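Enquirer: The structure is given below, and queries will be raised subsequently.
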Amino acid sequence: MSEPDHAVTPADADAGTRPLVVATELGAAGGGLAIAAGIGVALAEEGSGVLLAEVGADRGRTPTMLASRAARELEECLREREFDQVAARGRLCWLGLPAADGAPGGLAVALDASPPGTFALVHVPASRWLAALDDPALRPRAALLRADLPAERPTAALAAIELRERGLTVRIASRPLGLVASRRALAGLESGGGAGERLRRLARGLTGRIATAVPERGRSLRITAAMDRGQSLPLVVAAAFAILFVAGLLAALGGAMTASGRVQRAADLIALSGARSMRDDFSRLFVPARLPGGASNPAHLDKREYLVRAAAAAREAAAHNDVDPGDVRITFPDVRSFAPVRVKARIATAMEVAPAAGQAHEDVGGWDRRVVDVAARAEAEASPPADVGQSLAGQPAVATGGGYSGPLAYRQGKGMRPDVAEAFDRMAAAAQSDGISLIITSAFRSDAEQAELWEQNPDPRWVAPPGTSLHRCATELDLGPSSAFRWLAANASRFGFLKRYSWEPWHFGYTRGPAPCSEAGNAIGSTPSAGGERLATEGLPDFVPPQFRAPIERAAARWNVSAGLLAAQLMAESNFNPFAVSAAGAQGIAQFMPGTAQAYGLDDPFDAPAAIDAQAHLMSDLMHEFGSTPLALAAYNAGPAPVEACRCVPNIPETQAYVARILGLLGGAGELVAPTLEVRLVD
């Protein structure tokens, strides 16, 4: 256990310890520099300066007329030491440093040149993270991580553990600032409103004390860090979902993972890497093996190749973390499934020859020895989010207070018109295939919300006056990160999105549907369905046998359920075998239990057309009950009670694998009706 956190205050300078906060970003998260600037503004006091150093700055910044005396004095001190990229901006003094010598070399010189009492925040790229933490000339006392949650909870938790073991105070900013607040923060000005309060809470957390527990192995791994919401958020790795952070950060943290007592963390990263490969490749399992002309389809993966690729990714992660790949055993607990989603990693110190002939072997990739002495183990899986469907919790299902009064579909917790959500799904999938993860920063805004935004920044060039913004029509999306702007400019029109204003590269409006704020727009998605989303009944995936296509389409039309969803279920349930019987007693192509079959008037579960109709009826009922495709699927598999108890995909391995398989089938068929799979540690 590290010693209690020390409050980071300007008085530390007199004691020989710099009041330095190091900030970086995990994965695809953006906006970390603006948050660091906002925290600096919140920490600025009369008579003391705040230095904001940007390592790897890709642009210069100019001084502002509103610069404080302390900021100007700090600028003069740094210019005397021949720093060129320096500017007094509001309450901050910004310093730009090249990535090549910015941390720790040039940064240490800048800190030495700063007047006593200067509070310093340095934003470093992931590749310089360890250098800044390890350099004795810097001696940081706190760390700020910008991470999109829940997407990056496991990696944020692992990074937080590492920082805590170094004795650093840790704070995690779980979402970026708004566009207006970011500009004000980078100009050294108060952000105001809710954003300003968030920044003040983060500032208090970084300069005060927090209690962060690192429990013993074997219990749920939980790091409690104060979040920008103003309250602590448990980072539960055992039940959190993530996209593994980029290779640069993985390599940067990797060197610290194999020290004494950190082998377990290496096992966690290895398992996460394997599961990430499975997530990325999952939909390729369901792409037809042959193209229409009969040629081999390069997009298709058979199961063995799928597992080999996951094992290779896991072993590559082992090498990044200085673990001998020969000491790592990669297995797949659900290998007998036609679409496995789990990977287990074990780091061993002693091994023996393979199991006897005839014994089930779940290993892949040529590793043929049994673990005798296991030093660490971890298990991860690609799975639908446990909180999927909860984005509607506490959120209105129907828009009010603006120009749109129809149903709202939610993406990343932001409401929008259902046809806009559907188009965004297609665009996000295309962006993901190009290596870009789109983030929605704003969507539908009521007139009251627009008025609040206008009050913070009454500039019509950046914020529309209340009652005039197209955001009130639920057709507009503000998108990020900034690294996606070029891709959006080149591709958004393919999906019906128009960049509304040349000076706002993030603002895109949907133009293919009814006009914004129209009666026709209000009627979109008014037919009951999964959260008001479109039901794709036109066309079925190639894997559907010809004799079942017509029954599926009839049932889909009768019960207003997606034909693609029904087809994916049937493949997952029985592989289209009308005479299938499970060990639990489920019968027929749709695997009805006798009691459920009777409740839905299905006299003969082995009558495929009748069973498909009953399946569609049941799914229609479940979608109306839960308002979410993944939750309806979970209830179909596990029964409604466990789903109702948590309003989530319950933590039942069979159910989570079932939902994951069907979402993968839907993705492979080109029908996106639910969020993509995410990666999580389960042990």
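All residue names refer to the structure tokens as shown: chains lettered A, B, ... in order, residues numbered from 1 in each chain, ligands numbered from 1 in order.
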Give me the residues near region 595-605 of chain A as an mmCIF file with N, CA and C atoms, in the first residue's frame, where near means some atom within 9 Å (using only C-alpha atoms) and where sequence neighbours in that chain fewer than 4 positions away do not count.
Expert:
data_model
loop_
_atom_site.group_PDB
_atom_site.id
_atom_site.type_symbol
_atom_site.label_atom_id
_atom_site.label_comp_id
_atom_site.auth_asym_id
_atom_site.auth_seq_id
_atom_site.Cartn_x
_atom_site.Cartn_y
_atom_site.Cartn_z
ATOM 1 N N PRO A 578 -34.932 -28.012 -37.603
ATOM 2 C CA PRO A 578 -36.301 -28.045 -37.066
ATOM 3 C C PRO A 578 -36.512 -29.123 -36.010
ATOM 4 N N PHE A 579 -35.590 -30.072 -35.898
ATOM 5 C CA PHE A 579 -35.784 -31.201 -34.988
ATOM 6 C C PHE A 579 -34.786 -31.182 -33.828
ATOM 7 N N ALA A 586 -35.335 -27.911 -24.518
ATOM 8 C CA ALA A 586 -35.840 -26.980 -25.526
ATOM 9 C C ALA A 586 -35.978 -27.709 -26.852
ATOM 10 N N GLN A 587 -37.022 -27.376 -27.603
ATOM 11 C CA GLN A 587 -37.364 -28.172 -28.786
ATOM 12 C C GLN A 587 -37.520 -27.300 -30.027
ATOM 13 N N GLY A 588 -37.122 -27.874 -31.161
ATOM 14 C CA GLY A 588 -37.428 -27.302 -32.454
ATOM 15 C C GLY A 588 -36.479 -26.227 -32.918
ATOM 16 N N ILE A 589 -36.814 -25.642 -34.053
ATOM 17 C CA ILE A 589 -35.942 -24.666 -34.697
ATOM 18 C C ILE A 589 -35.743 -23.421 -33.834
ATOM 19 N N ALA A 590 -36.763 -23.045 -33.051
ATOM 20 C CA ALA A 590 -36.680 -21.864 -32.190
ATOM 21 C C ALA A 590 -36.417 -22.218 -30.734
ATOM 22 N N GLN A 591 -36.234 -23.495 -30.421
ATOM 23 C CA GLN A 591 -35.857 -23.975 -29.089
ATOM 24 C C GLN A 591 -36.816 -23.482 -28.002
ATOM 25 N N ALA A 610 -44.687 -22.718 -37.799
ATOM 26 C CA ALA A 610 -45.445 -22.334 -36.612
ATOM 27 C C ALA A 610 -44.517 -21.866 -35.500
ATOM 28 N N ALA A 611 -43.385 -22.534 -35.352
ATOM 29 C CA ALA A 611 -42.430 -22.147 -34.313
ATOM 30 C C ALA A 611 -41.837 -20.773 -34.604
ATOM 31 N N ASP A 613 -43.315 -18.343 -36.213
ATOM 32 C CA ASP A 613 -44.346 -17.355 -35.906
ATOM 33 C C ASP A 613 -44.433 -17.121 -34.392
ATOM 34 N N ALA A 614 -44.368 -18.191 -33.597
ATOM 35 C CA ALA A 614 -44.402 -18.044 -32.142
ATOM 36 C C ALA A 614 -43.151 -17.317 -31.638
ATOM 37 N N GLN A 615 -42.025 -17.590 -32.259
ATOM 38 C CA GLN A 615 -40.784 -16.899 -31.896
ATOM 39 C C GLN A 615 -40.932 -15.392 -32.120
ATOM 40 N N HIS A 617 -43.700 -13.689 -32.216
ATOM 41 C CA HIS A 617 -44.673 -13.191 -31.240
ATOM 42 C C HIS A 617 -43.996 -12.943 -29.896
ATOM 43 N N LEU A 618 -43.198 -13.910 -29.451
ATOM 44 C CA LEU A 618 -42.505 -13.772 -28.174
ATOM 45 C C LEU A 618 -41.520 -12.604 -28.210
#
Enquirer: Excluding Ala484 (chain A) and residues on its chain fewer than 3 positions from it, collect all residues at most 10 Å away from it, counting only C-alpha atoms, and give them as a PyMOL selection string.
Expert: chain A and resi 431+435-439+479-481+487-489+505-506
Enquirer: If I take CA of Ile662 (chain A) and CA of Phe576 (chain A), how far is one from the other in Å, to one decimal?
Expert: 13.8 Å
Enquirer: Give me the residues near region 444-459 of chain A as a PyMOL selection string, where near means some atom within 7 Å (using only C-alpha atoms) and where sequence neighbours in that chain fewer than 2 positions away do not count.
Expert: chain A and resi 192-193+400-402+415-416+442+461-463+465-467+471-474+476
Enquirer: Which residues are close to Ser433 (chain A), i.e. within 10 Å by only C-alpha atoms, leaving aside same-chain residues fewer than 5 positions away? Reply as a list in words.
Expert: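 Neighbouring residues, sequence-local ones excluded: Asp280, Met427 and Ala428 of chain A.
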Enquirer: Grab the CA of Asp281 (chain A) to CA of Arg342 (chain A) distance for me, in Å with one decimal place.
Expert: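 It comes out at 13.0 Å.
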Enquirer: Counting only C-alpha atoms, what is within 9 Å of Gln85 (chain A), bar same-chain residues fewer than 5 positions away, as a PyMOL selection string?
Expert: chain A and resi 60-62+79+94-97
Enquirer: So how many Å separate CA of Ala608 (chain A) and CA of Pro653 (chain A), to one decimal?
Expert: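 Computing it gives 27.9 Å between the two atoms.
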